[in-house]
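Participant: Quick one: the structure is below, questions incoming.
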Amino acid sequence: MHGPGADMDTLCIGPSYVNREEDFFIILHDMLAEMEEVVELQPVPDAHVPVMKFKFQGISIDLLYASVSLLVVPEDLDIADGSVL
């Protein structure tokens, strides 16, 4: 976030067996929709970069999803070299 009206671009990283279409855009969407802190929830699965847009406690968020070629995502995952994406 840089200034007024800016949004926060965030990345959700999941293991290889998680399906973006069902797990991210349906299951996570439904979980977010139930949260009173989340408003203006808008999935955009057909965009060039699929994204879920929403406001969380008044902060605009663009949430993207990436899968890594691991069965478990370690807490200290380093994606800097791109080898697990």
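By convention in this document, the chains of the structure tokens carry letters A, B, ... by their order, each chain's residues are numbered from 1, and ligands are numbered from 1 in the order they are shown.
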Within chain A, find each residue whose DSSP state, derived from the backbone, is strand (DSSP E), and express the selection as a count of residues only.

Facilitator: 29

Participant: For Gly82 (chain A), work out the shell of residues within 12 Å, counting only C-alpha atoms and skipping chain neighbours fewer than 5 positions away, then give it as a list in words.

Facilitator: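 So, after excluding close chain neighbours, the residues are Ala66, Ser67, Val68, Ser69 and Leu77 of chain A.
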
Participant: Write out as a compact mmCIF listing (two decimals) with all heavy atoms, in the first residue's frame each polymer residue whose atoms come within 9 Å of region 25-42 of chain A, counting only C-alpha atoms; drop sequence neighbours fewer than 2 positions from it.

Facilitator:
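Generated output (around.txt):
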# COMPACT_ATOMS: atom_id res chain seq x y z
N ASN A 19 -6.73 -27.27 -5.44
CA ASN A 19 -7.24 -26.86 -6.74
C ASN A 19 -7.72 -25.41 -6.67
O ASN A 19 -8.59 -25.09 -5.86
CB ASN A 19 -8.39 -27.80 -7.13
CG ASN A 19 -9.01 -27.44 -8.44
OD1 ASN A 19 -9.70 -26.43 -8.54
ND2 ASN A 19 -8.81 -28.27 -9.43
N ARG A 20 -7.17 -24.55 -7.51
CA ARG A 20 -7.53 -23.13 -7.47
C ARG A 20 -9.01 -22.92 -7.74
O ARG A 20 -9.67 -22.14 -7.07
CB ARG A 20 -6.69 -22.31 -8.45
CG ARG A 20 -7.12 -20.86 -8.46
CD ARG A 20 -6.28 -19.93 -9.29
NE ARG A 20 -5.86 -20.47 -10.54
CZ ARG A 20 -4.80 -20.03 -11.21
NH1 ARG A 20 -4.08 -19.05 -10.72
NH2 ARG A 20 -4.47 -20.55 -12.36
N GLU A 21 -9.55 -23.60 -8.74
CA GLU A 21 -10.94 -23.38 -9.12
C GLU A 21 -11.91 -23.75 -8.00
O GLU A 21 -12.84 -23.02 -7.71
CB GLU A 21 -11.29 -24.16 -10.40
CG GLU A 21 -10.64 -23.58 -11.65
CD GLU A 21 -9.14 -23.88 -11.74
OE1 GLU A 21 -8.67 -24.88 -11.14
OE2 GLU A 21 -8.44 -23.09 -12.39
N GLU A 22 -11.71 -24.90 -7.37
CA GLU A 22 -12.65 -25.33 -6.33
C GLU A 22 -12.23 -24.86 -4.93
O GLU A 22 -13.02 -24.24 -4.22
CB GLU A 22 -12.80 -26.85 -6.32
CG GLU A 22 -13.83 -27.31 -5.31
CD GLU A 22 -14.11 -28.79 -5.38
OE1 GLU A 22 -13.96 -29.37 -6.46
OE2 GLU A 22 -14.49 -29.35 -4.35
N ASP A 23 -11.01 -25.14 -4.53
CA ASP A 23 -10.57 -24.84 -3.16
C ASP A 23 -10.41 -23.34 -2.91
O ASP A 23 -10.78 -22.85 -1.84
CB ASP A 23 -9.26 -25.56 -2.84
CG ASP A 23 -9.41 -27.08 -2.88
OD1 ASP A 23 -10.39 -27.58 -2.31
OD2 ASP A 23 -8.54 -27.75 -3.47
N VAL A 44 -12.55 -13.12 -9.27
CA VAL A 44 -12.33 -12.82 -10.69
C VAL A 44 -11.48 -13.97 -11.27
O VAL A 44 -10.30 -13.80 -11.58
CB VAL A 44 -11.62 -11.46 -10.88
CG1 VAL A 44 -11.62 -11.06 -12.35
CG2 VAL A 44 -12.27 -10.37 -10.04
N PRO A 45 -12.09 -15.17 -11.39
CA PRO A 45 -11.33 -16.35 -11.83
C PRO A 45 -10.90 -16.32 -13.29
O PRO A 45 -9.95 -17.00 -13.67
CB PRO A 45 -12.28 -17.51 -11.56
CG PRO A 45 -13.63 -16.90 -11.61
CD PRO A 45 -13.48 -15.49 -11.11
N VAL A 51 -7.83 -13.63 -9.47
CA VAL A 51 -7.68 -12.92 -8.21
C VAL A 51 -9.02 -12.91 -7.47
O VAL A 51 -10.08 -13.01 -8.10
CB VAL A 51 -7.18 -11.48 -8.46
CG1 VAL A 51 -8.16 -10.69 -9.28
CG2 VAL A 51 -6.84 -10.77 -7.18
N MET A 52 -8.95 -12.78 -6.17
CA MET A 52 -10.14 -12.56 -5.36
C MET A 52 -9.97 -11.17 -4.72
O MET A 52 -8.97 -10.93 -4.05
CB MET A 52 -10.30 -13.64 -4.29
CG MET A 52 -11.66 -13.66 -3.72
SD MET A 52 -12.33 -15.26 -3.20
CE MET A 52 -10.97 -16.32 -2.95
N LYS A 53 -10.91 -10.30 -4.98
CA LYS A 53 -10.85 -8.92 -4.48
C LYS A 53 -11.85 -8.78 -3.34
O LYS A 53 -12.97 -9.27 -3.45
CB LYS A 53 -11.18 -7.93 -5.58
CG LYS A 53 -10.20 -7.94 -6.73
CD LYS A 53 -10.70 -7.02 -7.85
CE LYS A 53 -9.63 -6.82 -8.90
NZ LYS A 53 -8.62 -5.85 -8.54
N PHE A 54 -11.45 -8.08 -2.27
CA PHE A 54 -12.36 -7.83 -1.16
C PHE A 54 -11.78 -6.76 -0.26
O PHE A 54 -10.63 -6.35 -0.41
CB PHE A 54 -12.64 -9.11 -0.36
CG PHE A 54 -11.42 -9.80 0.18
CD1 PHE A 54 -10.97 -9.54 1.47
CD2 PHE A 54 -10.73 -10.72 -0.59
CE1 PHE A 54 -9.85 -10.19 1.98
CE2 PHE A 54 -9.62 -11.38 -0.08
CZ PHE A 54 -9.18 -11.11 1.20
N LYS A 55 -12.61 -6.31 0.67
CA LYS A 55 -12.15 -5.40 1.71
C LYS A 55 -12.19 -6.15 3.03
O LYS A 55 -13.19 -6.79 3.35
CB LYS A 55 -13.01 -4.15 1.80
CG LYS A 55 -12.75 -3.16 0.70
CD LYS A 55 -13.45 -1.85 0.95
CE LYS A 55 -13.12 -0.87 -0.17
NZ LYS A 55 -13.80 0.41 0.04
N PHE A 56 -11.10 -6.08 3.78
CA PHE A 56 -11.00 -6.69 5.10
C PHE A 56 -10.78 -5.57 6.10
O PHE A 56 -9.76 -4.89 6.03
CB PHE A 56 -9.85 -7.70 5.16
CG PHE A 56 -9.71 -8.37 6.49
CD1 PHE A 56 -10.54 -9.43 6.83
CD2 PHE A 56 -8.78 -7.93 7.41
CE1 PHE A 56 -10.42 -10.04 8.07
CE2 PHE A 56 -8.65 -8.53 8.64
CZ PHE A 56 -9.48 -9.60 8.98
N GLN A 57 -11.74 -5.37 6.95
CA GLN A 57 -11.70 -4.29 7.92
C GLN A 57 -11.36 -2.95 7.25
O GLN A 57 -10.55 -2.17 7.74
CB GLN A 57 -10.73 -4.60 9.05
CG GLN A 57 -11.13 -5.79 9.89
CD GLN A 57 -10.21 -6.05 11.06
OE1 GLN A 57 -9.07 -5.59 11.10
NE2 GLN A 57 -10.70 -6.81 12.01
N GLY A 58 -11.96 -2.71 6.09
CA GLY A 58 -11.78 -1.46 5.38
C GLY A 58 -10.56 -1.38 4.47
O GLY A 58 -10.38 -0.40 3.76

Participant: Rounded to one decimal place, report the CA of Asp76 (chain A)-CA of Ile61 (chain A) distance in Å.

Facilitator: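 Computed distance, CA of Asp76 (chain A) to CA of Ile61 (chain A), equals 23.3 Å.
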
Participant: To test your reading of the structure, identify every residue in chain A that backbone DSSP assigns to alpha helix (DSSP H), and report it as a PDB file with C-alpha atoms, in the first residue's frame.

Facilitator:
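Result file part.pdb:
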ATOM      1  CA  HIS A  29     -14.569 -17.669  -1.076  1.00  0.00           C
ATOM      2  CA  ASP A  30     -17.391 -19.140   1.028  1.00  0.00           C
ATOM      3  CA  MET A  31     -15.256 -18.938   4.184  1.00  0.00           C
ATOM      4  CA  LEU A  32     -14.455 -15.275   3.511  1.00  0.00           C
ATOM      5  CA  ALA A  33     -18.104 -14.517   2.722  1.00  0.00           C
TER       6      ALA A  33
END

Participant: Can you list, as a list of chain:residue names, every protein, DNA or RNA residue that comes within 10 Å of Asp9 (chain A) when you count only C-alpha atoms, leaving out same-chain residues fewer than 2 positions away?

Facilitator: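 Result of the neighbour search: A:Met1, A:Ala6, A:Asp7, A:Leu11, A:Val51, A:Lys53, A:Ser60, A:Ile61, A:Asp62, A:Leu63, A:Leu64.
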
Participant: Pull N, CA, C and O atoms from the residues just selected and write them as a JSON list (two decimals), in the first residue's frame.

Facilitator:
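What ended up in out34.json:
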[["chain", "number", "residue", "atom", "x", "y", "z"],
["A", 1, "MET", "N", 0.85, -1.16, 0.00],
["A", 1, "MET", "CA", 0.00, 0.00, 0.00],
["A", 1, "MET", "C", 0.89, 1.23, 0.00],
["A", 1, "MET", "O", 1.82, 1.32, 0.78],
["A", 6, "ALA", "N", -5.01, 2.95, -2.51],
["A", 6, "ALA", "CA", -4.20, 1.81, -2.94],
["A", 6, "ALA", "C", -4.73, 0.53, -2.29],
["A", 6, "ALA", "O", -5.34, 0.57, -1.23],
["A", 7, "ASP", "N", -4.51, -0.59, -2.95],
["A", 7, "ASP", "CA", -4.90, -1.85, -2.35],
["A", 7, "ASP", "C", -3.67, -2.65, -1.94],
["A", 7, "ASP", "O", -2.55, -2.30, -2.27],
["A", 11, "LEU", "N", -0.51, -12.81, -1.65],
["A", 11, "LEU", "CA", -0.36, -14.10, -2.31],
["A", 11, "LEU", "C", -0.63, -15.21, -1.32],
["A", 11, "LEU", "O", -0.04, -15.26, -0.25],
["A", 51, "VAL", "N", -7.83, -13.63, -9.47],
["A", 51, "VAL", "CA", -7.68, -12.92, -8.21],
["A", 51, "VAL", "C", -9.02, -12.91, -7.47],
["A", 51, "VAL", "O", -10.08, -13.01, -8.10],
["A", 53, "LYS", "N", -10.91, -10.30, -4.98],
["A", 53, "LYS", "CA", -10.85, -8.92, -4.48],
["A", 53, "LYS", "C", -11.85, -8.78, -3.34],
["A", 53, "LYS", "O", -12.97, -9.27, -3.45],
["A", 60, "SER", "N", -8.60, -2.60, 1.20],
["A", 60, "SER", "CA", -8.80, -3.29, -0.08],
["A", 60, "SER", "C", -7.67, -4.28, -0.31],
["A", 60, "SER", "O", -6.50, -3.93, -0.21],
["A", 61, "ILE", "N", -8.06, -5.52, -0.63],
["A", 61, "ILE", "CA", -7.09, -6.60, -0.81],
["A", 61, "ILE", "C", -7.34, -7.29, -2.14],
["A", 61, "ILE", "O", -8.47, -7.60, -2.49],
["A", 62, "ASP", "N", -6.25, -7.55, -2.87],
["A", 62, "ASP", "CA", -6.26, -8.42, -4.05],
["A", 62, "ASP", "C", -5.51, -9.67, -3.64],
["A", 62, "ASP", "O", -4.31, -9.62, -3.35],
["A", 63, "LEU", "N", -6.22, -10.81, -3.59],
["A", 63, "LEU", "CA", -5.62, -12.07, -3.15],
["A", 63, "LEU", "C", -5.44, -13.00, -4.34],
["A", 63, "LEU", "O", -6.40, -13.36, -5.01],
["A", 64, "LEU", "N", -4.19, -13.35, -4.61],
["A", 64, "LEU", "CA", -3.86, -14.26, -5.70],
["A", 64, "LEU", "C", -3.49, -15.61, -5.09],
["A", 64, "LEU", "O", -3.11, -15.69, -3.92]]
